[in-house]
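Novice: Contents of query-v8.txt (compact mmCIF, C-alpha atoms) are given next:
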```txt
# COMPACT_ATOMS: atom_id res chain seq x y z
CA MET A 1 179.92 -142.43 29.60
CA SER A 2 178.15 -139.87 27.44
CA ALA A 3 178.02 -140.02 23.67
CA PRO A 4 177.79 -137.48 20.87
CA ALA A 5 174.35 -136.73 19.42
CA VAL A 6 175.83 -136.96 15.90
CA VAL A 7 179.28 -137.83 14.54
CA LEU A 8 180.11 -136.66 11.02
CA VAL A 9 182.70 -138.40 8.87
CA GLY A 10 183.73 -137.91 5.26
CA PRO A 11 186.47 -136.57 3.02
CA PRO A 12 187.71 -132.99 2.81
CA GLY A 13 185.03 -130.81 1.25
CA ALA A 14 182.11 -132.95 2.44
CA GLY A 15 180.87 -130.12 4.66
CA LYS A 16 181.46 -131.73 8.06
CA SER A 17 182.22 -128.46 9.83
CA THR A 18 179.56 -126.37 8.09
CA VAL A 19 176.83 -128.99 8.44
CA GLY A 20 178.00 -129.85 11.95
CA ARG A 21 177.54 -126.28 13.14
CA LEU A 22 174.05 -126.16 11.60
CA LEU A 23 173.12 -129.46 13.24
CA ALA A 24 174.40 -128.31 16.62
CA GLU A 25 172.34 -125.14 16.37
CA ARG A 26 169.21 -127.06 15.37
CA LEU A 27 169.66 -129.63 18.13
CA GLY A 28 170.53 -127.05 20.77
CA VAL A 29 173.92 -128.64 21.50
CA SER A 30 177.55 -127.67 21.02
CA PHE A 31 179.77 -128.41 18.03
CA ARG A 32 183.26 -129.91 18.27
CA ASP A 33 185.82 -130.64 15.56
CA THR A 34 188.63 -133.07 16.39
CA ASP A 35 190.99 -131.32 13.94
CA ALA A 36 190.57 -128.12 16.00
CA ASP A 37 191.21 -130.15 19.18
CA ILE A 38 194.45 -131.49 17.70
CA GLU A 39 195.61 -128.03 16.63
CA GLU A 40 194.87 -126.65 20.08
CA GLN A 41 196.71 -129.47 21.82
CA ALA A 42 199.71 -129.29 19.48
CA GLY A 43 199.79 -125.50 19.43
CA LYS A 44 200.07 -125.41 15.65
CA PRO A 45 198.08 -126.05 12.47
CA ILE A 46 197.77 -129.59 11.13
CA PRO A 47 199.96 -128.96 8.04
CA GLU A 48 202.78 -127.94 10.41
CA ILE A 49 202.31 -131.10 12.48
CA PHE A 50 202.69 -133.14 9.26
CA ILE A 51 205.85 -131.22 8.31
CA ASP A 52 207.45 -131.10 11.77
CA GLU A 53 206.53 -134.47 13.25
CA GLY A 54 205.15 -136.48 10.33
CA GLU A 55 201.86 -138.18 9.54
CA PRO A 56 202.25 -141.07 12.06
CA HIS A 57 202.55 -138.55 14.91
CA PHE A 58 199.50 -136.67 13.65
CA ARG A 59 197.50 -139.91 13.38
CA ALA A 60 198.40 -140.82 16.97
CA LEU A 61 197.16 -137.40 18.13
CA GLU A 62 194.03 -137.94 16.04
CA VAL A 63 193.21 -141.28 17.69
CA GLN A 64 193.56 -139.66 21.13
CA ALA A 65 191.43 -136.67 20.12
CA VAL A 66 188.62 -138.82 18.70
CA ARG A 67 188.57 -141.06 21.79
CA ALA A 68 188.47 -138.08 24.17
CA ALA A 69 185.72 -136.34 22.20
CA ALA A 70 183.62 -139.48 21.75
CA GLU A 71 183.79 -140.17 25.49
CA SER A 72 182.97 -136.66 26.69
CA HIS A 73 181.16 -134.64 24.02
CA THR A 74 177.37 -134.83 23.89
CA GLY A 75 176.85 -132.51 20.93
CA VAL A 76 177.75 -132.75 17.27
CA LEU A 77 181.23 -134.05 16.52
CA ALA A 78 183.11 -133.70 13.21
CA LEU A 79 186.12 -135.90 12.55
CA GLY A 80 189.04 -135.27 10.25
CA GLY A 81 188.82 -136.96 6.87
CA GLY A 82 191.38 -139.65 7.67
CA ALA A 83 190.31 -140.43 11.25
CA VAL A 84 188.53 -143.62 10.16
CA MET A 85 191.80 -145.12 8.92
CA ALA A 86 192.73 -146.15 12.47
CA ALA A 87 191.14 -149.41 13.64
CA GLU A 88 191.08 -148.01 17.19
CA THR A 89 189.02 -145.05 16.02
CA ARG A 90 186.61 -147.29 14.14
CA ALA A 91 186.17 -149.31 17.35
CA VAL A 92 185.44 -146.10 19.31
CA LEU A 93 182.79 -145.16 16.72
CA ALA A 94 181.00 -148.52 16.90
CA GLY A 95 177.44 -147.99 18.05
CA LEU A 96 177.58 -144.19 17.80
CA PRO A 97 175.25 -142.16 15.52
CA VAL A 98 177.81 -141.74 12.73
CA VAL A 99 176.81 -140.15 9.43
CA PHE A 100 179.02 -140.38 6.34
CA LEU A 101 178.70 -137.19 4.29
CA GLU A 102 179.39 -138.39 0.78
CA VAL A 103 180.73 -135.82 -1.68
CA ALA A 104 181.73 -135.99 -5.33
CA LEU A 105 185.17 -134.77 -6.34
CA GLY A 106 183.71 -131.85 -8.29
CA ASP A 107 181.76 -130.62 -5.28
CA ALA A 108 184.78 -131.04 -2.99
CA VAL A 109 186.87 -128.92 -5.36
CA LYS A 110 184.20 -126.19 -5.40
CA ARG A 111 183.91 -126.19 -1.62
CA VAL A 112 187.53 -126.23 -0.51
CA GLY A 113 189.60 -126.06 -3.64
CA LEU A 114 192.38 -128.55 -3.90
CA ASP A 115 195.06 -125.96 -3.37
CA ALA A 116 194.03 -125.48 0.26
CA PRO A 117 196.64 -126.34 2.90
CA ARG A 118 195.80 -130.03 3.13
CA PRO A 119 198.99 -132.04 3.52
CA LEU A 120 197.78 -135.24 1.89
CA LEU A 121 196.54 -133.39 -1.19
CA ALA A 122 199.69 -131.38 -1.86
CA VAL A 123 200.87 -133.26 -4.97
CA ASN A 124 198.41 -133.97 -7.82
CA PRO A 125 195.40 -133.23 -5.62
CA ARG A 126 192.66 -134.67 -7.85
CA ALA A 127 194.37 -138.03 -8.30
CA ARG A 128 195.36 -138.12 -4.62
CA TRP A 129 191.77 -137.29 -3.55
CA ARG A 130 190.50 -140.23 -5.63
CA GLU A 131 193.13 -142.54 -4.09
CA LEU A 132 192.18 -141.41 -0.58
CA MET A 133 188.49 -142.00 -1.30
CA ASP A 134 189.18 -145.46 -2.73
CA ALA A 135 190.92 -146.36 0.54
CA ARG A 136 188.59 -144.53 2.91
CA ARG A 137 185.10 -144.99 1.44
CA PRO A 138 184.74 -148.61 2.68
CA LEU A 139 185.81 -147.44 6.16
CA TYR A 140 183.35 -144.53 6.15
CA LEU A 141 180.63 -147.02 5.22
CA GLU A 142 181.79 -149.44 7.92
CA VAL A 143 181.34 -146.89 10.74
CA ALA A 144 178.27 -145.10 9.36
CA LYS A 145 174.78 -145.63 10.70
CA ALA A 146 173.58 -143.47 7.78
CA VAL A 147 174.97 -142.08 4.52
CA VAL A 148 173.92 -138.65 3.27
CA ASP A 149 174.81 -137.61 -0.27
CA THR A 150 175.72 -133.93 -0.34
CA GLU A 151 175.73 -133.55 -4.13
CA GLY A 152 173.72 -130.55 -5.27
CA ARG A 153 172.50 -129.81 -1.75
CA ALA A 154 172.93 -126.67 0.33
CA PRO A 155 174.32 -127.19 3.84
CA GLU A 156 170.84 -126.63 5.30
CA GLN A 157 169.45 -129.42 3.11
CA VAL A 158 172.26 -131.75 4.15
CA ALA A 159 171.55 -130.95 7.81
CA ASP A 160 167.86 -131.76 7.21
CA ALA A 161 168.85 -135.08 5.62
CA VAL A 162 171.11 -135.97 8.58
CA LEU A 163 168.34 -135.22 11.08
CA GLU A 164 165.92 -137.32 9.04
CA ALA A 165 168.39 -140.21 8.63
CA LEU A 166 169.03 -140.39 12.38
CA GLU A 167 165.38 -139.62 13.24
CA LEU A 168 166.41 -136.67 15.42
CA LYS A 169 164.12 -133.82 16.37
CA GLN A 170 165.25 -130.21 16.35
CA ALA A 171 165.43 -128.36 19.68
```
Starting from the coordinates I provided, produce the structure as structure tokens.
Specialist:
Amino acid sequence: MSAPAVVLVGPPGAGKSTVGRLLAERLGVSFRDTDADIEEQAGKPIPEIFIDEGEPHFRALEVQAVRAAAESHTGVLALGGGAVMAAETRAVLAGLPVVFLEVALGDAVKRVGLDAPRPLLAVNPRARWRELMDARRPLYLEVAKAVVDTEGRAPEQVADAVLEALELKQA
């Protein structure tokens, strides 16, 4: 079984996709995003999956996508913000080089806006974001080998911090 070089977790707006692509480039590996995998498999965007089939169906797809990616992808892997909620996913992540990209609400708003098509942030996005973080932060910390604070940092600086935290050398 192969394993990813880096797994990025964190809330919406943490920079998982942006930083993940930079890391993949620097490490000379490929980048994979489990949200993109789910959309490809389902043939529709995640907000439509939530509307058409509901959150439990999406979460089941997410567990499958994370397991498949963790077992086969050797590059940089970015997980959806809520992937860590599933105990099965946390078990899959055990022992992997997981980095929690921590982001403050203000930075998340600047990066993605809270009016973006994110199903769990549709109503009162700031309060909902805080609720999600209260529930998810302990789980991000549980799976993380390292925590990188993204506040006030450019994506390149965050990528540098991830490489340093995991003691990885650029390709």
Novice: Hey, which of A:Glu55, A:Glu40, A:Glu25, A:Asp35 ends up closest to Pro12 of chain A? Count all atoms listed in the file.
Specialist: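 Closest to Pro12 of chain A, using all atoms listed in the file: A:Asp35.
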Novice: Please, which residues in segment 133-158 of chain A fall within 9 Å of segment 164-171 of chain A when counting all atoms listed in the file, and what is the closest atom pair and distance in Å to one decimal for each, ordered by chain then residue number, as CSV?
Specialist:
```
residue,atom,partner,partner_atom,distance
A:Lys145,CA,A:Leu166,CA,8.0
A:Ala146,CA,A:Ala165,CA,6.2
A:Val147,CA,A:Ala165,CA,8.0
A:Val148,CA,A:Ala165,CA,7.9
```
Novice: Suppose you want the space between atom CA of Arg126 of chain A and atom CA of Val76 of chain A; what is it in Å?
Specialist: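 Distance between the two atoms: 29.3 Å.
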Novice: Which is closest to Glu71 of chain A among A:Ala42, A:Val158, A:Ala3, A:Ala36, if we use only C-alpha atoms?
Specialist: A:Ala3
Novice: Give me the residues near Val92 of chain A as a CSV table (one decimal) with C-alpha atoms, keeping the file's coordinate frame, where near means some atom within 8 Å (using only C-alpha atoms) and where sequence neighbours in that chain fewer than 4 positions away do not count.
Specialist:
```csv
chain,number,residue,atom,x,y,z
A,66,VAL,CA,188.6,-138.8,18.7
A,67,ARG,CA,188.6,-141.1,21.8
A,70,ALA,CA,183.6,-139.5,21.8
A,88,GLU,CA,191.1,-148.0,17.2
```
Novice: Just to confirm, what's the straight-line distance from atom CA of Pro11 of chain A to atom CA of Trp129 of chain A in Å (one decimal)?
Specialist: 8.5 Å
Novice: Would you compute the distance between atom CA of Arg90 of chain A and atom CA of Tyr140 of chain A? Give it in Å to one decimal.
Specialist: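 Rounded to one decimal, the two atoms are 9.1 Å apart.
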Novice: Measuring between all atoms listed in the file, which one of A:Glu48, A:Glu131, A:Glu102, A:Asp33 shows the shortest distance to Ala83 of chain A?
Specialist: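 Smallest separation from Ala83 of chain A among the options: A:Asp33.
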Novice: Just checking: using all atoms listed in the file, which residue out of A:Gly10, A:Thr150, A:Thr89, A:Ala5 ends up closest to Ser72 of chain A?
Specialist: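 Checking each of A:Gly10, A:Thr150, A:Thr89, A:Ala5 against Ser72 of chain A, counting all atoms listed in the file, the winner is A:Ala5.
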Novice: Nearest residue to Ala91 of chain A out of A:Asp37, A:Glu142, A:Glu53, A:Asp134, using only C-alpha atoms?
Specialist: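 Once distances to Ala91 of chain A are computed over only C-alpha atoms, the minimum belongs to A:Glu142.
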Novice: N, CA, C and O atoms are needed for segment 45-65 of chain A; please write them out as a PDB file, keeping the file's coordinate frame.
Specialist:
```pdb
ATOM      1  N   PRO A  45     199.001-125.503  13.469  1.00  0.00           N
ATOM      2  CA  PRO A  45     198.080-126.050  12.470  1.00  0.00           C
ATOM      3  C   PRO A  45     198.496-127.461  12.018  1.00  0.00           C
ATOM      4  O   PRO A  45     199.676-127.826  12.068  1.00  0.00           O
ATOM      5  N   ILE A  46     197.524-128.210  11.564  1.00  0.00           N
ATOM      6  CA  ILE A  46     197.770-129.590  11.130  1.00  0.00           C
ATOM      7  C   ILE A  46     198.858-129.698  10.055  1.00  0.00           C
ATOM      8  O   ILE A  46     199.726-130.570  10.161  1.00  0.00           O
ATOM      9  N   PRO A  47     198.863-128.827   9.021  1.00  0.00           N
ATOM     10  CA  PRO A  47     199.960-128.960   8.040  1.00  0.00           C
ATOM     11  C   PRO A  47     201.346-128.863   8.687  1.00  0.00           C
ATOM     12  O   PRO A  47     202.271-129.566   8.274  1.00  0.00           O
ATOM     13  N   GLU A  48     201.483-128.046   9.720  1.00  0.00           N
ATOM     14  CA  GLU A  48     202.780-127.940  10.410  1.00  0.00           C
ATOM     15  C   GLU A  48     203.099-129.204  11.193  1.00  0.00           C
ATOM     16  O   GLU A  48     204.264-129.594  11.298  1.00  0.00           O
ATOM     17  N   ILE A  49     202.085-129.839  11.763  1.00  0.00           N
ATOM     18  CA  ILE A  49     202.310-131.100  12.480  1.00  0.00           C
ATOM     19  C   ILE A  49     202.852-132.135  11.484  1.00  0.00           C
ATOM     20  O   ILE A  49     203.819-132.846  11.774  1.00  0.00           O
ATOM     21  N   PHE A  50     202.230-132.210  10.286  1.00  0.00           N
ATOM     22  CA  PHE A  50     202.690-133.140   9.260  1.00  0.00           C
ATOM     23  C   PHE A  50     204.146-132.864   8.894  1.00  0.00           C
ATOM     24  O   PHE A  50     204.949-133.791   8.776  1.00  0.00           O
ATOM     25  N   ILE A  51     204.487-131.594   8.717  1.00  0.00           N
ATOM     26  CA  ILE A  51     205.850-131.220   8.310  1.00  0.00           C
ATOM     27  C   ILE A  51     206.848-131.470   9.431  1.00  0.00           C
ATOM     28  O   ILE A  51     207.912-132.046   9.215  1.00  0.00           O
ATOM     29  N   ASP A  52     206.498-131.032  10.648  1.00  0.00           N
ATOM     30  CA  ASP A  52     207.450-131.100  11.770  1.00  0.00           C
ATOM     31  C   ASP A  52     207.592-132.489  12.378  1.00  0.00           C
ATOM     32  O   ASP A  52     208.698-132.913  12.707  1.00  0.00           O
ATOM     33  N   GLU A  53     206.479-133.187  12.571  1.00  0.00           N
ATOM     34  CA  GLU A  53     206.530-134.470  13.250  1.00  0.00           C
ATOM     35  C   GLU A  53     206.143-135.668  12.378  1.00  0.00           C
ATOM     36  O   GLU A  53     206.334-136.806  12.772  1.00  0.00           O
ATOM     37  N   GLY A  54     205.522-135.410  11.234  1.00  0.00           N
ATOM     38  CA  GLY A  54     205.150-136.480  10.330  1.00  0.00           C
ATOM     39  C   GLY A  54     203.721-136.978  10.522  1.00  0.00           C
ATOM     40  O   GLY A  54     203.091-136.736  11.559  1.00  0.00           O
ATOM     41  N   GLU A  55     203.232-137.682   9.502  1.00  0.00           N
ATOM     42  CA  GLU A  55     201.860-138.180   9.540  1.00  0.00           C
ATOM     43  C   GLU A  55     201.609-139.182  10.670  1.00  0.00           C
ATOM     44  O   GLU A  55     200.560-139.110  11.330  1.00  0.00           O
ATOM     45  N   PRO A  56     202.523-140.129  10.962  1.00  0.00           N
ATOM     46  CA  PRO A  56     202.250-141.070  12.060  1.00  0.00           C
ATOM     47  C   PRO A  56     201.992-140.365  13.399  1.00  0.00           C
ATOM     48  O   PRO A  56     201.109-140.765  14.150  1.00  0.00           O
ATOM     49  N   HIS A  57     202.761-139.308  13.672  1.00  0.00           N
ATOM     50  CA  HIS A  57     202.550-138.550  14.910  1.00  0.00           C
ATOM     51  C   HIS A  57     201.172-137.880  14.897  1.00  0.00           C
ATOM     52  O   HIS A  57     200.441-137.937  15.891  1.00  0.00           O
ATOM     53  N   PHE A  58     200.827-137.297  13.770  1.00  0.00           N
ATOM     54  CA  PHE A  58     199.500-136.670  13.650  1.00  0.00           C
ATOM     55  C   PHE A  58     198.402-137.709  13.875  1.00  0.00           C
ATOM     56  O   PHE A  58     197.423-137.474  14.594  1.00  0.00           O
ATOM     57  N   ARG A  59     198.526-138.869  13.256  1.00  0.00           N
ATOM     58  CA  ARG A  59     197.500-139.910  13.380  1.00  0.00           C
ATOM     59  C   ARG A  59     197.351-140.382  14.828  1.00  0.00           C
ATOM     60  O   ARG A  59     196.243-140.676  15.286  1.00  0.00           O
ATOM     61  N   ALA A  60     198.464-140.448  15.552  1.00  0.00           N
ATOM     62  CA  ALA A  60     198.400-140.820  16.970  1.00  0.00           C
ATOM     63  C   ALA A  60     197.629-139.762  17.763  1.00  0.00           C
ATOM     64  O   ALA A  60     196.795-140.095  18.618  1.00  0.00           O
ATOM     65  N   LEU A  61     197.906-138.488  17.478  1.00  0.00           N
ATOM     66  CA  LEU A  61     197.160-137.400  18.130  1.00  0.00           C
ATOM     67  C   LEU A  61     195.680-137.490  17.775  1.00  0.00           C
ATOM     68  O   LEU A  61     194.814-137.244  18.625  1.00  0.00           O
ATOM     69  N   GLU A  62     195.403-137.859  16.521  1.00  0.00           N
ATOM     70  CA  GLU A  62     194.030-137.940  16.040  1.00  0.00           C
ATOM     71  C   GLU A  62     193.250-139.030  16.780  1.00  0.00           C
ATOM     72  O   GLU A  62     192.100-138.819  17.191  1.00  0.00           O
ATOM     73  N   VAL A  63     193.861-140.189  16.965  1.00  0.00           N
ATOM     74  CA  VAL A  63     193.210-141.280  17.690  1.00  0.00           C
ATOM     75  C   VAL A  63     192.859-140.818  19.106  1.00  0.00           C
ATOM     76  O   VAL A  63     191.742-141.049  19.592  1.00  0.00           O
ATOM     77  N   GLN A  64     193.795-140.162  19.774  1.00  0.00           N
ATOM     78  CA  GLN A  64     193.560-139.660  21.130  1.00  0.00           C
ATOM     79  C   GLN A  64     192.436-138.635  21.147  1.00  0.00           C
ATOM     80  O   GLN A  64     191.568-138.664  22.028  1.00  0.00           O
ATOM     81  N   ALA A  65     192.440-137.721  20.170  1.00  0.00           N
ATOM     82  CA  ALA A  65     191.430-136.670  20.120  1.00  0.00           C
ATOM     83  C   ALA A  65     190.037-137.232  19.886  1.00  0.00           C
ATOM     84  O   ALA A  65     189.060-136.801  20.514  1.00  0.00           O
TER      85      ALA A  65
END
```
